[in-house]
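Dumped upload-v3.pdb below, it's PDB, C-alpha atoms:
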MODEL        1
ATOM      1  CA  MET A   1      25.923-151.438  52.579
ATOM      2  CA  PRO A   2      23.204-148.736  52.978
ATOM      3  CA  THR A   3      21.873-147.107  49.834
ATOM      4  CA  LEU A   4      21.807-143.317  49.679
ATOM      5  CA  LEU A   5      18.682-141.727  48.263
ATOM      6  CA  ILE A   6      19.572-138.931  45.897
ATOM      7  CA  GLU A   7      16.704-136.567  45.212
ATOM      8  CA  ASN A   8      16.058-135.854  41.569
ATOM      9  CA  LEU A   9      17.042-132.243  40.853
ATOM     10  CA  ASP A  10      14.409-131.838  38.138
ATOM     11  CA  SER A  11      11.520-132.483  40.542
ATOM     12  CA  GLN A  12      10.430-131.382  43.999
ATOM     13  CA  PRO A  13       7.679-132.373  46.428
ATOM     14  CA  CYS A  14       4.311-130.685  45.893
ATOM     15  CA  GLN A  15       3.432-128.378  48.777
ATOM     16  CA  ASN A  16      -0.202-128.283  47.637
ATOM     17  CA  CYS A  17      -1.230-131.974  47.783
ATOM     18  CA  GLN A  18       1.737-133.381  49.726
ATOM     19  CA  GLY A  19       1.653-136.529  47.577
ATOM     20  CA  GLY A  20       2.817-135.580  44.119
ATOM     21  CA  ARG A  21       6.047-134.282  42.674
ATOM     22  CA  LYS A  22       6.459-131.067  40.726
ATOM     23  CA  HIS A  23       8.427-131.208  37.492
ATOM     24  CA  LEU A  24       9.749-128.285  35.493
ATOM     25  CA  GLN A  25       7.762-127.900  32.248
ATOM     26  CA  THR A  26       6.911-125.109  29.834
ATOM     27  CA  VAL A  27       3.387-123.718  29.614
ATOM     28  CA  THR A  28       1.637-120.663  28.216
ATOM     29  CA  LEU A  29       1.436-117.966  30.887
ATOM     30  CA  MET A  30      -1.589-115.673  30.692
ATOM     31  CA  THR A  31      -1.752-112.492  32.748
ATOM     32  CA  TRP A  32      -3.458-109.121  32.641
ATOM     33  CA  LEU A  33      -1.480-105.931  32.092
ATOM     34  CA  GLY A  34      -4.058-103.228  32.722
ATOM     35  CA  ASP A  35      -6.889-104.009  30.304
ATOM     36  CA  ASP A  36      -4.714-106.139  28.013
ATOM     37  CA  LEU A  37      -4.391-109.915  28.219
ATOM     38  CA  ILE A  38      -0.753-110.897  27.761
ATOM     39  CA  THR A  39       0.197-114.451  26.757
ATOM     40  CA  VAL A  40       3.744-115.754  27.036
ATOM     41  CA  PRO A  41       4.395-119.121  25.345
ATOM     42  CA  ASP A  42       6.997-121.604  26.596
ATOM     43  CA  PHE A  43       7.086-120.128  30.111
ATOM     44  CA  PRO A  44       8.776-122.333  32.752
ATOM     45  CA  ALA A  45       6.538-123.646  35.523
ATOM     46  CA  TRP A  46       6.724-126.365  38.176
ATOM     47  CA  ILE A  47       3.660-128.599  37.708
ATOM     48  CA  CYS A  48       2.547-131.370  40.083
ATOM     49  CA  ASP A  49       2.130-134.785  38.465
ATOM     50  CA  LEU A  50      -0.688-135.661  40.897
ATOM     51  CA  CYS A  51      -2.871-132.583  41.509
ATOM     52  CA  GLY A  52      -1.772-130.372  38.584
ATOM     53  CA  HIS A  53      -0.907-127.412  40.832
ATOM     54  CA  ARG A  54       1.496-125.087  39.052
ATOM     55  CA  LEU A  55       4.060-122.670  40.387
ATOM     56  CA  TYR A  56       5.686-120.364  37.857
ATOM     57  CA  ASP A  57       9.473-120.185  37.957
ATOM     58  CA  SER A  58      10.428-117.210  40.157
ATOM     59  CA  GLU A  59      13.476-116.185  38.109
ATOM     60  CA  ALA A  60      11.445-116.190  34.886
ATOM     61  CA  LEU A  61       8.697-114.142  36.596
ATOM     62  CA  ALA A  62      11.277-111.576  37.708
ATOM     63  CA  GLN A  63      12.623-111.275  34.153
ATOM     64  CA  LEU A  64       9.088-110.936  32.735
ATOM     65  CA  SER A  65       8.250-108.274  35.308
ATOM     66  CA  LEU A  66      11.315-106.314  34.257
ATOM     67  CA  LEU A  67      10.314-106.571  30.590
ATOM     68  CA  LEU A  68       6.738-105.430  31.269
ATOM     69  CA  ASN A  69       7.816-102.542  33.514
ATOM     70  CA  PRO A  70       6.772 -99.274  31.831
ATOM     71  CA  ASP A  71       9.984 -97.616  33.064
ATOM     72  CA  ALA A  72      12.226-100.310  31.567
ATOM     73  CA  GLY A  73      14.895 -98.726  29.419
ATOM     74  CA  THR A  74      14.415 -95.283  30.951
ATOM     75  CA  PRO A  75      17.830 -93.908  31.913
ATOM     76  CA  ILE A  76      18.210 -93.119  35.578
ATOM     77  CA  HIS A  77      20.549 -90.312  36.621
ATOM     78  CA  PRO A  78      20.856 -90.444  40.410
ATOM     79  CA  GLY A  79      21.104 -87.026  42.008
ATOM     80  CA  LEU A  80      20.094 -85.130  38.863
ATOM     81  CA  GLN A  81      16.364 -85.606  39.236
ATOM     82  CA  ASN A  82      15.783 -83.270  42.175
ATOM     83  CA  LEU A  83      18.157 -80.442  41.319
ATOM     84  CA  PRO A  84      16.489 -77.018  41.043
ATOM     85  CA  ASN A  85      16.828 -75.098  37.806
ATOM     86  CA  LYS A  86      20.064 -73.177  37.898
ATOM     87  CA  PRO A  87      19.504 -69.406  37.489
ATOM     88  CA  ALA A  88      21.230 -67.711  34.574
ATOM     89  CA  ALA A  89      24.465 -65.961  35.480
ATOM     90  CA  ASN A  90      24.327 -62.132  35.542
ATOM     91  CA  ILE A  91      27.617 -61.662  33.690
ATOM     92  CA  ASN A  92      27.815 -59.287  30.781
ATOM     93  CA  PRO A  93      29.981 -60.397  27.856
ATOM     94  CA  PRO A  94      33.284 -58.545  27.503
ATOM     95  CA  ALA A  95      33.091 -55.348  25.401
TER
ENDMDL
END
The structure given in the file should be rewritten as structure tokens.
Amino acid sequence: MPTLLIENLDSQPCQNCQGGRKHLQTVTLMTWLGDDLITVPDFPAWICDLCGHRLYDSEALAQLSLLLNPDAGTPIHPGLQNLPNKPAANINPPA
């Protein structure tokens, strides 16, 4: 009876060295935000067991990008941003 090879879901082939396997681990991510160095501990990354190449988890990068966005938390009101100032009505109050 033939044996089926089931690929391990917690690893993937390394596209950098073609010989190792990348495993999901946590590392400290360091990146620049303008002139400030930002460090993020326990950040998920795929790291090759042979060449050490790392690829940061794309979903975690997207979440970090949202958190570091200077407009994060700013309310957006579609259609209200480009309205001209409404002139005051020329109605006299009743006498």
Selection result of the PyMOL selection byres ((chain A and resi 17-21) around 6) on this file, as a PDB file with C-alpha atoms, in the frame of the given file:
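File written: out.pdb
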ATOM      1  CA  GLN A  12      10.430-131.382  43.999  1.00  0.00           C
ATOM      2  CA  PRO A  13       7.679-132.373  46.428  1.00  0.00           C
ATOM      3  CA  CYS A  14       4.311-130.685  45.893  1.00  0.00           C
ATOM      4  CA  GLN A  15       3.432-128.378  48.777  1.00  0.00           C
ATOM      5  CA  ASN A  16      -0.202-128.283  47.637  1.00  0.00           C
ATOM      6  CA  LYS A  22       6.459-131.067  40.726  1.00  0.00           C
ATOM      7  CA  CYS A  48       2.547-131.370  40.083  1.00  0.00           C
ATOM      8  CA  ASP A  49       2.130-134.785  38.465  1.00  0.00           C
ATOM      9  CA  LEU A  50      -0.688-135.661  40.897  1.00  0.00           C
TER      10      LEU A  50
END
To one decimal place, how far is CA of Ser11 in chain A from CA of Phe43 in chain A in Å?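 Separating CA of Ser11 in chain A from CA of Phe43 in chain A is a distance of 16.8 Å.
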May I have the residues within 7 Å of range 53-66 of chain A as number ranges by chain, using all atoms listed in the file and disregarding those fewer than 6 positions away in the same chain? A: 16, 44-47, 72
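If you look at CA of Leu37 in chain A and CA of Asp71 in chain A, they are 19.5 Å away from each other.
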Would you compute an axis-aligned box for range 18-31 of chain A, covering every atom listed for it in the file with 3 Å of margin on each side, and report centre and edge lengths in Å to one decimal as lines of an AutoDock Vina configuration file?
center_x = 4.0
center_y = -124.5
center_z = 39.0
size_x = 17.5
size_y = 30.0
size_z = 27.5
Option closest in space to His23 in chain A, from A:Ile38, A:Leu68, A:Asp10, A:Gly52 [counting only C-alpha atoms]: A:Asp10
Point-to-point distance from CA of Leu67 in chain A to CA of Gln25 in chain A, Å rounded to tenths: 21.5 Å
For the PyMOL selection byres ((chain A and resi 41) around 8), applied here, can you spell out every residue it catches as JSON, numbers by chain? {"A": [26, 27, 28, 29, 39, 40, 42, 43]}
